[in-house]
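Participant: Dropping in work07.pdb, which is PDB, C-alpha atoms, pLDDT in the B column:
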ATOM      1  CA  MET A   1       0.000   0.000   0.000  1.00 53.00           C
ATOM      2  CA  ALA A   2       1.243   3.464  -0.834  1.00 80.00           C
ATOM      3  CA  ASN A   3      -0.298   6.858  -0.141  1.00 92.00           C
ATOM      4  CA  GLU A   4      -3.647   5.594   1.115  1.00 95.00           C
ATOM      5  CA  TYR A   5      -5.550   7.977   3.370  1.00 97.00           C
ATOM      6  CA  ALA A   6      -6.498   5.355   5.965  1.00 96.00           C
ATOM      7  CA  ASP A   7      -4.921   2.108   7.062  1.00 94.00           C
ATOM      8  CA  ARG A   8      -6.064  -1.490   7.057  1.00 96.00           C
ATOM      9  CA  ALA A   9      -6.345  -1.689  10.857  1.00 95.00           C
ATOM     10  CA  LEU A  10      -8.907   1.143  10.916  1.00 95.00           C
ATOM     11  CA  LEU A  11     -10.874  -0.440   8.077  1.00 94.00           C
ATOM     12  CA  LYS A  12     -10.899  -3.828   9.839  1.00 95.00           C
ATOM     13  CA  GLU A  13     -12.224  -2.157  12.965  1.00 94.00           C
ATOM     14  CA  ARG A  14     -14.913  -0.383  10.909  1.00 93.00           C
ATOM     15  CA  LEU A  15     -15.982  -3.705   9.335  1.00 93.00           C
ATOM     16  CA  ASN A  16     -15.783  -5.710  12.601  1.00 93.00           C
ATOM     17  CA  ILE A  17     -13.032  -7.933  11.216  1.00 94.00           C
ATOM     18  CA  GLU A  18     -10.604  -9.357  13.775  1.00 95.00           C
ATOM     19  CA  ALA A  19      -7.143  -7.792  13.543  1.00 92.00           C
ATOM     20  CA  ALA A  20      -5.538 -11.262  13.394  1.00 94.00           C
ATOM     21  CA  ASP A  21      -7.691 -12.298  10.410  1.00 93.00           C
ATOM     22  CA  THR A  22      -5.474 -11.837   7.342  1.00 92.00           C
ATOM     23  CA  SER A  23      -7.636 -13.791   4.892  1.00 93.00           C
ATOM     24  CA  ARG A  24      -9.214 -10.608   3.450  1.00 92.00           C
ATOM     25  CA  ASP A  25      -6.221  -8.270   3.578  1.00 93.00           C
ATOM     26  CA  ALA A  26      -5.797  -8.128  -0.210  1.00 94.00           C
ATOM     27  CA  LEU A  27      -9.464  -7.137  -0.664  1.00 94.00           C
ATOM     28  CA  LEU A  28      -9.212  -4.516   2.079  1.00 95.00           C
ATOM     29  CA  ASP A  29      -5.991  -3.087   0.633  1.00 96.00           C
ATOM     30  CA  GLY A  30      -7.580  -2.876  -2.797  1.00 95.00           C
ATOM     31  CA  ALA A  31     -10.616  -1.066  -1.400  1.00 95.00           C
ATOM     32  CA  LEU A  32      -8.393   1.436   0.450  1.00 96.00           C
ATOM     33  CA  ALA A  33      -6.269   2.112  -2.644  1.00 96.00           C
ATOM     34  CA  ALA A  34      -9.302   2.518  -4.916  1.00 95.00           C
ATOM     35  CA  SER A  35     -11.048   4.792  -2.409  1.00 96.00           C
ATOM     36  CA  SER A  36      -7.979   6.996  -1.969  1.00 97.00           C
ATOM     37  CA  ARG A  37      -7.415   7.395  -5.703  1.00 96.00           C
ATOM     38  CA  GLY A  38     -11.142   7.986  -6.246  1.00 95.00           C
ATOM     39  CA  ILE A  39     -11.011  10.872  -3.767  1.00 97.00           C
ATOM     40  CA  ASP A  40      -7.992  12.262  -5.641  1.00 96.00           C
ATOM     41  CA  ARG A  41      -9.929  12.180  -8.919  1.00 95.00           C
ATOM     42  CA  ALA A  42     -13.119  13.627  -7.419  1.00 94.00           C
ATOM     43  CA  THR A  43     -11.309  16.566  -5.788  1.00 95.00           C
ATOM     44  CA  GLY A  44      -8.657  17.214  -8.435  1.00 94.00           C
ATOM     45  CA  ARG A  45      -5.860  17.073  -5.859  1.00 95.00           C
ATOM     46  CA  ARG A  46      -3.944  14.612  -3.730  1.00 95.00           C
ATOM     47  CA  PHE A  47      -3.508  14.705   0.019  1.00 97.00           C
ATOM     48  CA  TRP A  48      -0.185  12.956   0.611  1.00 95.00           C
ATOM     49  CA  LEU A  49       3.127  14.815   0.806  1.00 95.00           C
ATOM     50  CA  ASP A  50       6.095  13.992  -1.420  1.00 96.00           C
ATOM     51  CA  ASP A  51       9.115  12.618   0.446  1.00 95.00           C
ATOM     52  CA  THR A  52      11.519  14.814  -1.514  1.00 97.00           C
ATOM     53  CA  ALA A  53      11.273  18.134  -3.300  1.00 97.00           C
ATOM     54  CA  THR A  54      10.827  18.060  -7.079  1.00 97.00           C
ATOM     55  CA  VAL A  55      10.733  20.748  -9.757  1.00 97.00           C
ATOM     56  CA  ARG A  56       7.501  21.713 -11.514  1.00 97.00           C
ATOM     57  CA  THR A  57       7.240  24.254 -14.310  1.00 96.00           C
ATOM     58  CA  PHE A  58       4.224  26.527 -14.747  1.00 95.00           C
ATOM     59  CA  THR A  59       3.248  28.910 -17.542  1.00 94.00           C
ATOM     60  CA  LEU A  60       2.627  32.324 -15.998  1.00 93.00           C
ATOM     61  CA  ALA A  61      -0.194  33.201 -18.381  1.00 90.00           C
ATOM     62  CA  GLY A  62      -3.471  32.300 -16.720  1.00 88.00           C
ATOM     63  CA  ARG A  63      -1.854  31.588 -13.346  1.00 92.00           C
ATOM     64  CA  VAL A  64      -1.155  35.155 -12.175  1.00 92.00           C
ATOM     65  CA  MET A  65      -3.950  37.037 -10.405  1.00 90.00           C
ATOM     66  CA  CYS A  66      -3.673  40.739  -9.644  1.00 89.00           C
ATOM     67  CA  GLY A  67      -5.287  42.102  -6.493  1.00 83.00           C
ATOM     68  CA  ALA A  68      -4.970  44.788  -3.835  1.00 81.00           C
ATOM     69  CA  GLY A  69      -2.214  42.802  -2.090  1.00 85.00           C
ATOM     70  CA  GLY A  70      -0.125  42.340  -5.249  1.00 89.00           C
ATOM     71  CA  GLU A  71       0.302  39.581  -7.820  1.00 92.00           C
ATOM     72  CA  ARG A  72      -0.443  35.964  -6.873  1.00 94.00           C
ATOM     73  CA  LEU A  73       1.077  33.076  -8.786  1.00 95.00           C
ATOM     74  CA  LEU A  74      -1.356  30.162  -8.388  1.00 94.00           C
ATOM     75  CA  LEU A  75       0.361  26.789  -7.979  1.00 95.00           C
ATOM     76  CA  ASP A  76      -0.366  23.161  -7.205  1.00 96.00           C
ATOM     77  CA  ASP A  77      -0.704  22.267  -3.508  1.00 97.00           C
ATOM     78  CA  MET A  78       2.637  22.537  -1.681  1.00 97.00           C
ATOM     79  CA  GLY A  79       3.137  20.849   1.691  1.00 96.00           C
ATOM     80  CA  ASP A  80       5.946  23.171   2.731  1.00 94.00           C
ATOM     81  CA  ALA A  81       7.603  26.372   1.529  1.00 95.00           C
ATOM     82  CA  PRO A  82       9.373  26.110  -1.817  1.00 96.00           C
ATOM     83  CA  SER A  83      13.154  25.801  -1.756  1.00 95.00           C
ATOM     84  CA  VAL A  84      13.723  27.387  -5.198  1.00 95.00           C
ATOM     85  CA  VAL A  85      11.545  29.719  -7.276  1.00 95.00           C
ATOM     86  CA  GLU A  86      12.719  30.936 -10.679  1.00 94.00           C
ATOM     87  CA  THR A  87      11.164  32.739 -13.630  1.00 93.00           C
ATOM     88  CA  GLY A  88      12.331  32.647 -17.218  1.00 92.00           C
ATOM     89  CA  SER A  89      12.535  30.088 -20.005  1.00 89.00           C
ATOM     90  CA  GLY A  90      14.965  27.847 -21.876  1.00 87.00           C
ATOM     91  CA  ALA A  91      18.467  28.303 -20.474  1.00 89.00           C
ATOM     92  CA  SER A  92      17.757  31.712 -18.897  1.00 90.00           C
ATOM     93  CA  TRP A  93      16.230  31.555 -15.402  1.00 92.00           C
ATOM     94  CA  THR A  94      16.234  34.209 -12.654  1.00 90.00           C
ATOM     95  CA  ALA A  95      15.950  33.226  -8.988  1.00 92.00           C
ATOM     96  CA  ARG A  96      13.103  34.907  -7.095  1.00 92.00           C
ATOM     97  CA  THR A  97      13.132  35.449  -3.333  1.00 92.00           C
ATOM     98  CA  ASP A  98      10.820  38.479  -3.088  1.00 91.00           C
ATOM     99  CA  TYR A  99       7.604  36.509  -2.502  1.00 94.00           C
ATOM    100  CA  ASP A 100       5.428  35.453   0.426  1.00 95.00           C
ATOM    101  CA  THR A 101       3.522  32.183   0.566  1.00 96.00           C
ATOM    102  CA  ALA A 102      -0.270  32.189   0.550  1.00 94.00           C
ATOM    103  CA  PRO A 103      -2.646  31.662   2.143  1.00 94.00           C
ATOM    104  CA  ASP A 104      -1.197  33.015   5.369  1.00 93.00           C
ATOM    105  CA  ASN A 105      -0.329  30.349   7.970  1.00 95.00           C
ATOM    106  CA  ALA A 106      -1.455  27.540   5.664  1.00 95.00           C
ATOM    107  CA  ILE A 107       1.059  24.942   6.878  1.00 94.00           C
ATOM    108  CA  VAL A 108       0.367  25.694  10.560  1.00 94.00           C
ATOM    109  CA  ARG A 109      -3.333  25.053   9.903  1.00 94.00           C
ATOM    110  CA  GLY A 110      -2.597  21.766   8.083  1.00 94.00           C
ATOM    111  CA  ARG A 111      -3.461  23.265   4.702  1.00 96.00           C
ATOM    112  CA  PRO A 112      -1.259  23.527   1.609  1.00 97.00           C
ATOM    113  CA  ILE A 113       0.416  26.601   0.186  1.00 97.00           C
ATOM    114  CA  THR A 114      -1.419  27.320  -3.067  1.00 96.00           C
ATOM    115  CA  ALA A 115       0.113  30.603  -4.237  1.00 96.00           C
ATOM    116  CA  LEU A 116       3.175  32.818  -4.086  1.00 96.00           C
ATOM    117  CA  LEU A 117       2.451  36.519  -3.510  1.00 95.00           C
ATOM    118  CA  LEU A 118       4.503  39.459  -4.767  1.00 92.00           C
ATOM    119  CA  ALA A 119       3.499  42.523  -2.734  1.00 86.00           C
ATOM    120  CA  SER A 120       5.365  44.728  -5.204  1.00 85.00           C
ATOM    121  CA  GLY A 121       6.757  44.065  -8.656  1.00 82.00           C
ATOM    122  CA  ARG A 122       5.588  41.582 -11.239  1.00 87.00           C
ATOM    123  CA  TRP A 123       6.019  37.899 -11.987  1.00 86.00           C
ATOM    124  CA  GLY A 124       6.673  38.837 -15.610  1.00 76.00           C
ATOM    125  CA  ALA A 125      10.446  38.131 -15.706  1.00 62.00           C
ATOM    126  CA  GLY A 126       9.745  35.309 -18.151  1.00 76.00           C
ATOM    127  CA  PRO A 127       6.907  33.341 -19.609  1.00 93.00           C
ATOM    128  CA  ARG A 128       7.324  30.518 -17.097  1.00 94.00           C
ATOM    129  CA  ALA A 129       8.023  29.808 -13.426  1.00 94.00           C
ATOM    130  CA  ARG A 130       9.980  26.858 -12.048  1.00 95.00           C
ATOM    131  CA  VAL A 131       9.239  25.889  -8.451  1.00 97.00           C
ATOM    132  CA  THR A 132      11.048  23.289  -6.359  1.00 97.00           C
ATOM    133  CA  ALA A 133       8.971  22.040  -3.444  1.00 97.00           C
ATOM    134  CA  ARG A 134       7.438  19.048  -1.708  1.00 97.00           C
ATOM    135  CA  TRP A 135       4.052  18.791  -3.390  1.00 97.00           C
ATOM    136  CA  GLY A 136       0.853  17.685  -1.681  1.00 96.00           C
ATOM    137  CA  TRP A 137      -0.713  18.397   1.686  1.00 97.00           C
ATOM    138  CA  PRO A 138       1.293  18.695   4.931  1.00 96.00           C
ATOM    139  CA  THR A 139      -1.110  16.271   6.663  1.00 95.00           C
ATOM    140  CA  VAL A 140      -4.089  14.237   5.511  1.00 96.00           C
ATOM    141  CA  PRO A 141      -7.259  16.024   6.692  1.00 97.00           C
ATOM    142  CA  ASP A 142      -9.506  14.077   9.081  1.00 97.00           C
ATOM    143  CA  GLU A 143     -12.409  14.411   6.641  1.00 97.00           C
ATOM    144  CA  ILE A 144     -10.393  12.701   3.911  1.00 98.00           C
ATOM    145  CA  THR A 145      -9.463   9.820   6.224  1.00 97.00           C
ATOM    146  CA  GLU A 146     -13.118   9.357   7.207  1.00 97.00           C
ATOM    147  CA  ALA A 147     -14.326   9.549   3.592  1.00 97.00           C
ATOM    148  CA  THR A 148     -11.715   6.951   2.618  1.00 97.00           C
ATOM    149  CA  LEU A 149     -12.900   4.569   5.346  1.00 97.00           C
ATOM    150  CA  LEU A 150     -16.561   5.021   4.387  1.00 96.00           C
ATOM    151  CA  GLN A 151     -15.873   4.475   0.699  1.00 95.00           C
ATOM    152  CA  ALA A 152     -13.484   1.551   1.296  1.00 95.00           C
ATOM    153  CA  ALA A 153     -16.065  -0.196   3.496  1.00 93.00           C
ATOM    154  CA  ARG A 154     -18.655   0.356   0.785  1.00 91.00           C
ATOM    155  CA  LEU A 155     -16.332  -1.032  -1.914  1.00 90.00           C
ATOM    156  CA  TYR A 156     -15.426  -4.037   0.240  1.00 91.00           C
ATOM    157  CA  ARG A 157     -19.108  -4.846   0.782  1.00 88.00           C
ATOM    158  CA  ARG A 158     -19.819  -4.346  -2.931  1.00 83.00           C
ATOM    159  CA  LYS A 159     -18.731  -7.925  -3.592  1.00 76.00           C
ATOM    160  CA  ASP A 160     -21.958  -8.932  -1.824  1.00 67.00           C
ATOM    161  CA  SER A 161     -24.187  -6.674  -3.930  1.00 65.00           C
ATOM    162  CA  PRO A 162     -24.050  -7.812  -7.562  1.00 63.00           C
ATOM    163  CA  GLU A 163     -25.371  -5.357 -10.135  1.00 57.00           C
ATOM    164  CA  GLY A 164     -25.501  -2.625  -7.461  1.00 54.00           C
ATOM    165  CA  VAL A 165     -28.448  -4.207  -5.656  1.00 52.00           C
ATOM    166  CA  THR A 166     -28.417  -5.233  -2.017  1.00 54.00           C
ATOM    167  CA  GLY A 167     -31.107  -6.333   0.330  1.00 53.00           C
ATOM    168  CA  SER A 168     -32.152  -7.657   3.701  1.00 55.00           C
ATOM    169  CA  ALA A 169     -35.214  -9.194   5.305  1.00 56.00           C
ATOM    170  CA  GLU A 170     -35.945  -5.865   7.041  1.00 68.00           C
ATOM    171  CA  TRP A 171     -35.552  -3.460   4.122  1.00 55.00           C
ATOM    172  CA  GLY A 172     -36.132  -5.620   1.077  1.00 57.00           C
ATOM    173  CA  VAL A 173     -34.159  -4.982  -2.112  1.00 52.00           C
ATOM    174  CA  VAL A 174     -32.366  -1.621  -2.346  1.00 51.00           C
ATOM    175  CA  ARG A 175     -30.409  -0.175  -5.288  1.00 51.00           C
ATOM    176  CA  LEU A 176     -27.136   1.425  -4.227  1.00 52.00           C
ATOM    177  CA  SER A 177     -26.719   5.095  -5.122  1.00 56.00           C
ATOM    178  CA  ARG A 178     -23.958   6.100  -7.506  1.00 65.00           C
ATOM    179  CA  ARG A 179     -22.335   8.477  -5.012  1.00 76.00           C
ATOM    180  CA  ASP A 180     -22.348   8.047  -1.250  1.00 87.00           C
ATOM    181  CA  PRO A 181     -23.822  11.302   0.143  1.00 91.00           C
ATOM    182  CA  ASP A 182     -21.751  11.089   3.341  1.00 93.00           C
ATOM    183  CA  VAL A 183     -18.499  10.675   1.413  1.00 94.00           C
ATOM    184  CA  TRP A 184     -19.410  13.589  -0.835  1.00 94.00           C
ATOM    185  CA  ALA A 185     -20.326  15.790   2.153  1.00 95.00           C
ATOM    186  CA  LEU A 186     -16.871  15.119   3.624  1.00 96.00           C
ATOM    187  CA  ILE A 187     -14.867  15.830   0.462  1.00 96.00           C
ATOM    188  CA  GLU A 188     -16.850  18.469  -1.443  1.00 95.00           C
ATOM    189  CA  HIS A 189     -15.175  21.495   0.162  1.00 94.00           C
ATOM    190  CA  PHE A 190     -11.773  20.127  -0.927  1.00 96.00           C
ATOM    191  CA  VAL A 191     -12.742  20.099  -4.625  1.00 94.00           C
ATOM    192  CA  LEU A 192     -10.625  22.468  -6.697  1.00 89.00           C
ATOM    193  CA  PRO A 193     -12.718  25.128  -8.479  1.00 82.00           C
ATOM    194  CA  GLY A 194     -13.631  24.017 -11.970  1.00 71.00           C
ATOM    195  CA  PHE A 195     -13.238  20.361 -10.952  1.00 46.00           C
ATOM    196  CA  GLY A 196     -15.460  17.595  -9.571  1.00 43.00           C
TER     197      GLY A 196
END
What do you get writing this file as structure tokens?
Facilitator:
Amino acid sequence: MANEYADRALLKERLNIEAADTSRDALLDGALAASSRGIDRATGRRFWLDDTATVRTFTLAGRVMCGAGGERLLLDDMGDAPSVVETGSGASWTARTDYDTAPDNAIVRGRPITALLLASGRWGAGPRARVTARWGWPTVPDEITEATLLQAARLYRRKDSPEGVTGSAEWGVVRLSRRDPDVWALIEHFVLPGFG
């Protein structure tokens, strides 16, 4: 398992499966992985943090917003402050250190940095920006962990509901909804604008 938002022990507890029972571990792991990646796709972002910093290049056009506080360069989610920021293109790049991270106190609040703010000046030193950072979220939000457990439990139980139909003596036959409303309620405020 890699970069899942909940672990097998929590899912076993949720499903009332004994911790020592390993006969269903592969099914549980698959449900956790599928649920985590489904949340990534639904929100348009990922909630794990890279182990090491990597470089990403962004075209400035369409990513710079001007406001009363200055120019904001909108970026992918960063889990800590960038180590290198440069503008330019080709073989000509200029280091930039005259920026602040935004939103304010994002990392302290467990949220990602999503923009670099120039209080004065312009980002226009080149058509592109190169940013070296650890991408992702500093910590997995509690809502994402809970949504992963709910969805993974649902996927695990899906093997018992062929064709999306389940039933019991009490309720009769019930068709499963396409989207779990509780999962969606937990993740919807994480959806990137223009996504989802």
Participant: Ranking A:Gly126, A:Gly121, A:Gly62, A:Gly136 by minimum distance to Trp48 (chain A) and counting all atoms listed in the file, which one comes first?
Facilitator: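 Closest candidate: A:Gly136.
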Participant: So which one's closest to Ile17 (chain A), A:Ala153, A:Ile39, A:Val191, A:Ala53? Using all atoms listed in the file, please.
Facilitator: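 Comparing A:Ala153, A:Ile39, A:Val191, A:Ala53 against Ile17 (chain A), the winner is A:Ala153.
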Participant: Considering only C-alpha atoms, state which residue in the set A:Pro141, A:Gly30, A:Gly69, A:Gly79 is at the smallest distance from Pro112 (chain A).
Facilitator: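 That would be A:Gly79, the residue with the smallest distance to Pro112 (chain A).
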Participant: Could you state which residues are captured by the PyMOL selection byres ((chain A and resi 74) around 7) in this file, as a list in words?
Facilitator: Arg63, Val64, Arg72, Leu73, Leu75, Thr114, Ala115 and Leu116 of chain A
Participant: For a quick check of your reading of the model, name the residues lying within 9 Å of the coordinate (-13.2, 13.7, 3.0), counting all atoms listed in the file, and write them as a ChimeraX atom specification.
Facilitator: /A:39,141-148,182-190
Participant: Check the smallest atom-to-atom distance from each of A:Leu118, A:Ala34, A:Ala106, A:Leu28 to Glu71 (chain A) using only C-alpha atoms, then report the winner.
Facilitator: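 Among A:Leu118, A:Ala34, A:Ala106, A:Leu28, it is A:Leu118 that comes nearest to Glu71 (chain A).
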Participant: Where does the PyMOL selection byres ((chain A and resi 97) around 12) land in this file, that is, which residues does it pick, as an NGL selection string?
Facilitator: :A and (81-87 or 94-96 or 98-101 or 116-119 or 121 or 123 or 131)
